[in-house]
file structure14.csv (CSV, C-alpha atoms)
chain,number,residue,atom,x,y,z
A,1,MET,CA,-44.0,82.0,121.0
A,2,THR,CA,-40.8,80.2,121.9
A,3,GLN,CA,-40.7,77.6,124.6
A,4,GLY,CA,-38.3,79.8,126.7
A,5,LYS,CA,-40.7,82.7,126.5
A,6,PHE,CA,-43.7,80.5,127.5
A,7,LYS,CA,-41.8,79.1,130.5
A,8,LYS,CA,-40.9,82.7,131.7
A,9,ILE,CA,-44.6,83.7,131.4
A,10,LEU,CA,-45.8,80.6,133.1
A,11,ILE,CA,-43.3,81.0,136.0
A,12,SER,CA,-44.1,84.7,136.3
A,13,SER,CA,-47.9,83.9,136.5
A,14,LEU,CA,-47.3,81.3,139.1
A,15,LEU,CA,-45.2,83.5,141.2
A,16,LEU,CA,-47.7,86.3,141.1
A,17,GLY,CA,-50.5,83.9,142.1
A,18,LEU,CA,-48.4,82.6,145.0
A,19,PHE,CA,-47.5,86.1,146.0
A,20,ALA,CA,-51.2,87.1,146.2
A,21,ILE,CA,-52.1,84.0,148.2
A,22,ALA,CA,-49.1,84.5,150.5
A,23,ASN,CA,-50.2,88.1,151.1
A,24,ALA,CA,-53.7,87.0,152.0
A,25,TYR,CA,-52.3,84.4,154.4
A,26,ALA,CA,-50.0,86.9,156.0
A,27,ALA,CA,-52.9,89.2,156.6
A,28,GLY,CA,-54.8,86.3,158.2
A,29,SER,CA,-57.7,86.6,155.8
A,30,ILE,CA,-58.0,83.1,154.3
A,31,TYR,CA,-61.1,81.3,155.4
A,32,THR,CA,-62.8,78.0,154.8
A,33,GLU,CA,-66.2,78.2,153.2
A,34,SER,CA,-68.0,77.5,156.4
A,35,GLU,CA,-65.9,80.0,158.4
A,36,PHE,CA,-66.5,82.7,155.8
A,37,LEU,CA,-70.3,82.0,155.8
A,38,ASP,CA,-70.5,81.9,159.6
A,39,LYS,CA,-68.5,85.2,160.0
A,40,PHE,CA,-70.0,87.3,157.3
A,41,SER,CA,-73.6,86.2,156.5
A,42,GLY,CA,-76.1,88.9,157.4
A,43,LYS,CA,-73.4,91.5,158.3
A,44,THR,CA,-73.4,95.1,157.2
A,45,LYS,CA,-71.2,96.7,154.6
A,46,LYS,CA,-69.3,98.5,157.3
A,47,VAL,CA,-68.5,95.2,159.1
A,48,ILE,CA,-67.3,93.6,155.9
A,49,ALA,CA,-65.1,96.6,155.0
A,50,GLU,CA,-63.6,96.6,158.5
A,51,ARG,CA,-62.8,92.9,158.5
A,52,LEU,CA,-61.9,92.3,154.8
A,53,GLY,CA,-60.8,95.7,153.6
A,54,GLU,CA,-61.8,97.2,150.3
A,55,PRO,CA,-62.9,94.7,147.7
A,56,ALA,CA,-61.0,94.2,144.4
A,57,LYS,CA,-64.2,95.3,142.5
A,58,LYS,CA,-67.6,96.7,143.3
A,59,GLU,CA,-70.8,96.6,141.1
A,60,LEU,CA,-74.2,98.2,141.5
A,61,SER,CA,-77.3,96.4,140.3
A,62,VAL,CA,-79.2,98.5,137.9
A,63,LYS,CA,-82.9,98.0,137.0
A,64,PRO,CA,-83.3,98.2,133.2
A,65,THR,CA,-85.6,100.8,131.8
A,66,ASN,CA,-89.1,99.5,131.4
A,67,ALA,CA,-88.3,96.4,133.5
A,68,SER,CA,-91.6,96.5,135.3
A,69,ASN,CA,-93.5,96.2,132.0
A,70,MET,CA,-91.3,93.2,131.0
A,71,VAL,CA,-91.4,91.1,134.2
A,72,GLY,CA,-94.8,89.8,135.2
A,73,GLY,CA,-96.7,92.2,133.0
A,74,LYS,CA,-97.5,94.6,135.8
A,75,ASP,CA,-96.9,98.3,135.3
A,76,LEU,CA,-96.0,99.4,138.8
A,77,ASP,CA,-95.9,103.0,139.7
A,78,GLU,CA,-92.2,103.7,140.6
A,79,GLY,CA,-93.3,106.0,143.4
A,80,GLN,CA,-95.3,103.3,145.1
A,81,SER,CA,-92.6,100.6,145.3
A,82,LYS,CA,-89.9,100.7,147.9
A,83,LYS,CA,-86.4,101.3,146.5
A,84,VAL,CA,-84.0,98.4,146.9
A,85,LYS,CA,-80.3,98.9,146.6
A,86,VAL,CA,-78.3,95.9,145.4
A,87,GLU,CA,-74.5,96.0,145.4
A,88,MET,CA,-71.9,93.3,144.8
A,89,TRP,CA,-68.4,93.3,146.2
A,90,TYR,CA,-65.7,90.9,144.9
A,91,TYR,CA,-62.7,89.7,146.8
A,92,LYS,CA,-59.9,87.5,145.4
A,93,ASN,CA,-58.3,84.4,146.9
A,94,ILE,CA,-59.7,84.7,150.4
A,95,VAL,CA,-61.7,81.5,150.7
A,96,LYS,CA,-60.1,78.1,150.4
A,97,TYR,CA,-61.9,74.9,149.2
A,98,ASP,CA,-59.0,72.6,150.1
A,99,PRO,CA,-55.8,73.0,152.1
A,100,LYS,CA,-53.8,74.1,149.0
A,101,HIS,CA,-56.3,76.0,146.8
A,102,THR,CA,-58.5,79.1,147.1
A,103,TYR,CA,-61.4,80.2,145.1
A,104,LYS,CA,-60.4,82.9,142.5
A,105,GLU,CA,-63.2,85.1,143.5
A,106,THR,CA,-65.7,85.5,146.3
A,107,GLU,CA,-68.9,87.6,145.6
A,108,ILE,CA,-70.8,89.2,148.4
A,109,THR,CA,-74.2,90.6,147.5
A,110,PHE,CA,-75.7,93.3,149.7
A,111,VAL,CA,-79.3,94.3,149.7
A,112,ASN,CA,-79.9,97.6,151.4
A,113,ASP,CA,-76.3,97.5,152.9
A,114,ARG,CA,-76.7,94.0,154.5
A,115,VAL,CA,-75.2,90.7,153.2
A,116,LEU,CA,-77.9,88.7,151.5
A,117,ASN,CA,-75.8,86.2,149.4
A,118,ILE,CA,-72.3,84.9,149.3
A,119,ALA,CA,-70.9,83.0,146.3
A,120,PHE,CA,-67.5,81.4,145.5
A,121,PHE,CA,-66.2,81.2,141.9
A,122,ASN,CA,-63.3,79.7,140.0
A,123,ASN,CA,-64.7,80.3,136.5
A,124,LYS,CA,-65.4,84.0,136.3
call {"tool": "encode", "arguments": {"input": "structure14.csv", "output": "structure tokens"}}
result
Amino acid sequence: MTQGKFKKILISSLLLGLFAIANAYAAGSIYTESEFLDKFSGKTKKVIAERLGEPAKKELSVKPTNASNMVGGKDLDEGQSKKVKVEMWYYKNIVKYDPKHTYKETEITFVNDRVLNIAFFNNK
């Protein structure tokens, strides 16, 4: 790759990143860590969707086949245990860790449609 091509790719990447951050700021959806935790901990999926919009990505937790036999050695009857639905939503560049930088990704984990865990990542 030539140096000129590298510079163009680098500048394009930086501009796209700045554009994404500028859009988030314009929408008023950049939070500090403590603001985000205070506003969204324990909330329902409906509240999160209303305030933050649709996430960039959603994932459902899936229990592997035969997991009850592998964990703890107890073979639980599936009909006796209460079903738990775990879902993760991912938002990009909405939480800042200093005045000039945001986390690349914020993960919100819902258990039975309520926020149970919030995590911030730069390395995913």
call {"tool": "closest_residue", "arguments": {"input": "structure14.csv", "among": "A:Ile118, A:Leu52, A:Val47, A:Val111", "to": "Glu87 of chain A", "atoms": "only C-alpha atoms"}}
result
A:Val111
call {"tool": "closest_residue", "arguments": {"input": "structure14.csv", "among": "A:Thr102, A:Ser29, A:Thr109, A:Asn117", "to": "Tyr90 of chain A", "atoms": "all atoms listed in the file"}}
result
A:Thr109
call {"tool": "atom_distance", "arguments": {"input": "structure14.csv", "atom1": "atom CA of Glu50 of chain A", "atom2": "atom CA of Glu105 of chain A"}}
result
18.9 Å
call {"tool": "residues_around", "arguments": {"input": "structure14.csv", "residues": "Phe121 of chain A", "least_positions_apart": "6", "cutoff": "8 Å", "atoms": "all atoms listed in the file", "output": "PDB file with C-alpha atoms, keeping the file's coordinate frame"}}
result
ATOM      1  CA  TYR A 103     -61.400  80.200 145.100  1.00  0.00           C
ATOM      2  CA  LYS A 104     -60.400  82.900 142.500  1.00  0.00           C
ATOM      3  CA  GLU A 105     -63.200  85.100 143.500  1.00  0.00           C
ATOM      4  CA  THR A 106     -65.700  85.500 146.300  1.00  0.00           C
ATOM      5  CA  GLU A 107     -68.900  87.600 145.600  1.00  0.00           C
TER       6      GLU A 107
END
call {"tool": "atom_distance", "arguments": {"input": "structure14.csv", "atom1": "atom CA of Lys57 of chain A", "atom2": "atom CA of Tyr91 of chain A"}}
result
7.2 Å
call {"tool": "closest_residue", "arguments": {"input": "structure14.csv", "among": "A:Lys83, A:Lys39, A:Lys7, A:Lys45", "to": "Arg114 of chain A", "atoms": "all atoms listed in the file"}}
result
A:Lys45
call {"tool": "closest_residue", "arguments": {"input": "structure14.csv", "among": "A:Ile94, A:Asn123, A:Val84, A:Asp113", "to": "Arg51 of chain A", "atoms": "all atoms listed in the file"}}
result
A:Ile94
call {"tool": "atom_distance", "arguments": {"input": "structure14.csv", "atom1": "atom CA of Met88 of chain A", "atom2": "atom CA of Asn122 of chain A"}}
result
16.8 Å
call {"tool": "closest_residue", "arguments": {"input": "structure14.csv", "among": "A:Val95, A:Val62, A:Ala119, A:Ile108", "to": "Ile30 of chain A", "atoms": "all atoms listed in the file"}}
result
A:Val95
call {"tool": "residues_near_point", "arguments": {"input": "structure14.csv", "point": "(-55.2, 94.4, 145.9)", "cutoff": "9 Å", "atoms": "all atoms listed in the file", "output": "ChimeraX atom specification"}}
result
/A:20,54-56,91-92
